[in-house]
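Visitor: TSV, C-alpha atoms, file structure23.tsv:
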chain	number	residue	atom	x	y	z
A	1	ALA	CA	51.92	115.91	-113.31
A	2	PRO	CA	48.98	115.18	-115.61
A	3	GLY	CA	45.80	114.52	-113.65
A	4	PHE	CA	47.20	115.84	-110.36
A	5	ALA	CA	44.40	117.09	-108.12
A	6	SER	CA	45.39	119.93	-105.80
A	7	ARG	CA	45.22	118.98	-102.15
A	8	ALA	CA	45.79	120.55	-98.76
A	9	VAL	CA	48.82	119.29	-96.83
A	10	VAL	CA	50.24	120.02	-93.39
A	11	THR	CA	53.89	119.83	-92.31
A	12	ILE	CA	54.58	117.05	-89.81
A	13	ARG	CA	58.34	117.30	-89.14
A	14	GLY	CA	60.22	119.63	-86.80
A	15	LYS	CA	61.92	121.36	-89.72
A	16	SER	CA	60.59	120.90	-93.25
A	17	PRO	CA	62.70	122.57	-95.95
A	18	VAL	CA	60.96	124.16	-98.92
A	19	ARG	CA	63.21	124.25	-101.97
A	20	SER	CA	63.18	126.12	-105.28
A	21	GLY	CA	62.97	122.85	-107.26
A	22	PRO	CA	62.03	119.18	-106.81
A	23	SER	CA	65.28	117.83	-105.32
A	24	ALA	CA	67.66	118.45	-102.42
A	25	ASP	CA	70.08	119.93	-104.98
A	26	TYR	CA	67.92	123.06	-105.29
A	27	ALA	CA	68.32	126.08	-102.99
A	28	ARG	CA	66.47	126.02	-99.69
A	29	MET	CA	63.95	128.87	-99.67
A	30	MET	CA	62.78	128.42	-96.07
A	31	VAL	CA	62.24	125.87	-93.34
A	32	LEU	CA	58.70	125.33	-92.03
A	33	PRO	CA	57.65	124.32	-88.53
A	34	PRO	CA	55.13	121.54	-87.93
A	35	GLY	CA	51.51	122.51	-88.51
A	36	ALA	CA	51.98	124.81	-91.53
A	37	LYS	CA	49.16	124.16	-94.01
A	38	LEU	CA	49.81	124.53	-97.72
A	39	TRP	CA	48.21	123.73	-101.07
A	40	ALA	CA	50.03	121.02	-103.02
A	41	ILE	CA	49.45	121.96	-106.66
A	42	GLY	CA	51.66	119.40	-108.38
A	43	GLN	CA	53.96	116.46	-107.81
A	44	GLU	CA	57.25	115.30	-109.29
A	45	GLY	CA	58.60	112.07	-107.84
A	46	SER	CA	58.72	112.35	-104.05
A	47	TRP	CA	58.23	116.15	-104.10
A	48	TYR	CA	55.07	118.25	-103.92
A	49	ARG	CA	54.95	121.63	-105.58
A	50	VAL	CA	53.32	123.88	-102.97
A	51	ARG	CA	51.72	127.29	-103.29
A	52	LEU	CA	53.16	129.66	-100.67
A	53	CYS	CA	51.19	132.64	-101.95
A	54	ASP	CA	49.78	133.79	-105.28
A	55	ARG	CA	53.23	134.96	-106.40
A	56	LEU	CA	55.48	132.20	-105.02
A	57	ASP	CA	55.67	128.39	-105.23
A	58	GLY	CA	58.18	125.99	-103.73
A	59	TRP	CA	58.84	122.25	-103.39
A	60	ILE	CA	58.59	120.07	-100.29
A	61	MET	CA	59.28	116.36	-99.80
A	62	THR	CA	56.11	114.28	-99.61
A	63	SER	CA	57.50	112.61	-96.44
A	64	ASP	CA	57.56	116.02	-94.66
A	65	VAL	CA	53.80	116.52	-95.01
A	66	ARG	CA	50.52	114.72	-94.45
A	67	GLU	CA	47.55	115.10	-96.78
A	68	LEU	CA	44.46	116.64	-95.21
A	69	ASP	CA	40.85	115.69	-95.87
A	70	SER	CA	39.64	116.69	-99.31
A	71	ASP	CA	36.98	119.02	-97.87
A	72	ILE	CA	39.56	121.19	-96.02
A	73	GLN	CA	39.48	124.85	-97.01
A	74	LEU	CA	42.67	126.86	-96.50
A	75	GLY	CA	41.63	130.46	-96.35
A	76	THR	CA	44.04	133.32	-95.87
A	77	ALA	CA	45.24	133.54	-92.26
A	78	ARG	CA	45.07	136.89	-90.46
A	79	LEU	CA	47.84	138.58	-88.52
A	80	THR	CA	45.81	139.99	-85.63
A	81	ASP	CA	48.53	141.32	-83.30
A	82	MET	CA	52.30	141.55	-82.79
A	83	SER	CA	54.44	142.10	-79.73
A	84	ALA	CA	58.14	142.48	-78.95
A	85	SER	CA	59.62	141.75	-75.55
A	86	ALA	CA	63.12	141.37	-74.11
A	87	CYS	CA	64.33	137.90	-73.15
A	88	GLU	CA	67.63	136.39	-71.96
A	89	THR	CA	69.05	135.93	-75.44
A	90	GLY	CA	67.74	139.08	-77.14
A	91	THR	CA	64.30	140.15	-78.31
A	92	ARG	CA	61.28	137.90	-78.74
A	93	LEU	CA	58.85	138.89	-81.48
A	94	ILE	CA	55.45	137.19	-81.31
A	95	PHE	CA	52.98	137.10	-84.19
A	96	TYR	CA	49.37	136.36	-83.31
A	97	LEU	CA	47.88	134.52	-86.29
A	98	THR	CA	44.54	132.82	-86.86
A	99	ARG	CA	46.48	129.69	-87.94
A	100	PRO	CA	50.13	128.65	-88.49
A	101	VAL	CA	51.52	129.90	-91.80
A	102	ALA	CA	54.55	129.35	-93.98
A	103	PHE	CA	57.16	132.04	-93.37
A	104	ARG	CA	60.73	132.96	-94.21
A	105	ILE	CA	63.28	135.24	-92.57
A	106	ARG	CA	65.57	137.33	-94.74
A	107	GLN	CA	68.57	139.07	-93.17
A	108	SER	CA	70.48	142.03	-94.59
A	109	VAL	CA	73.53	143.90	-93.32
A	110	LEU	CA	73.18	147.23	-95.13
A	111	PRO	CA	70.71	148.32	-93.93
A	112	ALA	CA	70.82	146.16	-90.80
A	113	GLN	CA	67.41	144.48	-90.85
A	114	LEU	CA	65.41	141.32	-90.71
A	115	LYS	CA	62.45	140.92	-93.04
A	116	ILE	CA	59.87	138.31	-92.14
A	117	ASP	CA	57.53	137.14	-94.89
A	118	LEU	CA	54.24	135.55	-93.80
A	119	PHE	CA	52.61	133.61	-96.64
A	120	SER	CA	48.88	132.94	-97.09
A	121	CYS	CA	48.39	135.77	-94.64
A	122	ALA	CA	46.72	139.19	-94.49
A	123	ALA	CA	47.52	141.92	-91.97
A	124	ALA	CA	44.43	142.68	-89.89
A	125	GLN	CA	46.17	145.33	-87.76
A	126	GLU	CA	49.05	147.77	-87.77
A	127	ALA	CA	49.70	148.28	-84.05
A	128	ILE	CA	52.73	146.70	-82.42
A	129	ARG	CA	53.07	146.29	-78.66
A	130	GLN	CA	56.72	146.94	-77.86
A	131	PHE	CA	57.73	146.32	-74.24
A	132	PRO	CA	60.68	147.81	-72.29
A	133	GLY	CA	64.09	146.49	-73.29
A	134	THR	CA	63.32	146.39	-77.03
A	135	GLU	CA	63.88	150.06	-77.87
A	136	ALA	CA	66.98	149.32	-79.98
A	137	ILE	CA	64.88	147.44	-82.53
A	138	ARG	CA	62.64	149.43	-84.86
A	139	ILE	CA	59.60	147.38	-85.90
A	140	LEU	CA	57.78	148.79	-88.90
A	141	PRO	CA	54.05	148.22	-89.45
A	142	PRO	CA	53.27	145.13	-91.53
A	143	GLN	CA	53.25	145.68	-95.29
A	144	GLN	CA	50.73	143.81	-97.44
A	145	LEU	CA	52.86	142.88	-100.50
A	146	ALA	CA	50.02	140.89	-102.11
A	147	THR	CA	46.56	139.82	-100.95
A	148	ASP	CA	48.13	136.79	-99.24
A	149	TRP	CA	51.68	137.95	-98.44
A	150	VAL	CA	52.66	140.10	-95.44
A	151	GLU	CA	56.17	141.47	-94.83
A	152	VAL	CA	57.32	142.67	-91.40
A	153	THR	CA	60.60	144.62	-91.24
A	154	LEU	CA	62.76	144.93	-88.13
A	155	GLY	CA	65.41	147.64	-88.15
A	156	LEU	CA	68.38	146.43	-86.12
A	157	PRO	CA	70.80	148.60	-84.08
A	158	ASP	CA	73.95	147.65	-86.04
A	159	VAL	CA	75.26	145.41	-88.78
A	160	HIS	CA	76.73	142.83	-86.37
A	161	GLN	CA	73.85	140.42	-86.05
A	162	ALA	CA	74.00	137.34	-83.87
A	163	GLY	CA	71.27	135.52	-85.81
A	164	GLN	CA	67.67	134.54	-85.30
A	165	GLN	CA	65.70	131.55	-84.14
A	166	ALA	CA	62.24	130.70	-85.44
Have the structure of the file written as structure tokens, please.

Guide:
Amino acid sequence: APGFASRAVVTIRGKSPVRSGPSADYARMMVLPPGAKLWAIGQEGSWYRVRLCDRLDGWIMTSDVRELDSDIQLGTARLTDMSASACETGTRLIFYLTRPVAFRIRQSVLPAQLKIDLFSCAAAQEAIRQFPGTEAIRILPPQQLATDWVEVTLGLPDVHQAGQQA
């Protein structure tokens, strides 16, 4: 929109969908938890265009976010540690970040993997603490796809995946 001034926003709903265009008719790219901070770089109707990383934008409803003070600076978050532990329902993977970030989970069958993209994030470490009971999952070191985009790949034991919960 002409004259739109970029602004920092934060998600305020339990699940805030980010779409590939400015309407619910567009594909859902990801769902964000509350507290994810993003740059709104444009607006069309009741949708903000948000910058996920230098290479990827999306659209979020204005009612799913709250504008932050104009002096807020959103630097790149850092992934400082990761751990995997067994739990009742499977494996729990924990990312230790300097602030909440936008993320998406991509699942593939061949090869059997989950890829987790962390946006506005840089990997500050490569070590992964993997506790007993998680040996079937192969966690690869984080890959820095761009200066503000980290990808973590989990190799799964077989193609029959029960799903994931963020």

Visitor: Kindly provide, as a PyMOL selection string, the polymer residues lying within 7 Å of (61.1, 126.1, -102.1), counting all atoms listed in the file and using the coordinates exactly as they appear in the file.

Guide: chain A and resi 18-21+28-30+57-60

Visitor: Pick from A:Ala136, A:Ser16, A:Phe95, A:Ala102: nearest to A:Met82, with only C-alpha atoms counted?

Guide: A:Phe95

Visitor: For the atom pair atom CA of A:Thr91 and atom CA of A:Pro17, what is the interatomic distance in Å to one decimal place?

Guide: 25.0 Å

Visitor: Nearest to A:Arg49: which of A:Ala112, A:Ala86, A:Ala146, A:Ala5 is it, counting only C-alpha atoms?

Guide: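 Ranked by minimum distance to A:Arg49, first place goes to A:Ala5.
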
Visitor: Kindly indicate which residue among A:Thr153, A:Thr76, A:Thr11, A:Gln144 lies nearest to A:Pro111, using only C-alpha atoms for the distances.

Guide: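 Nearest to A:Pro111: A:Thr153.
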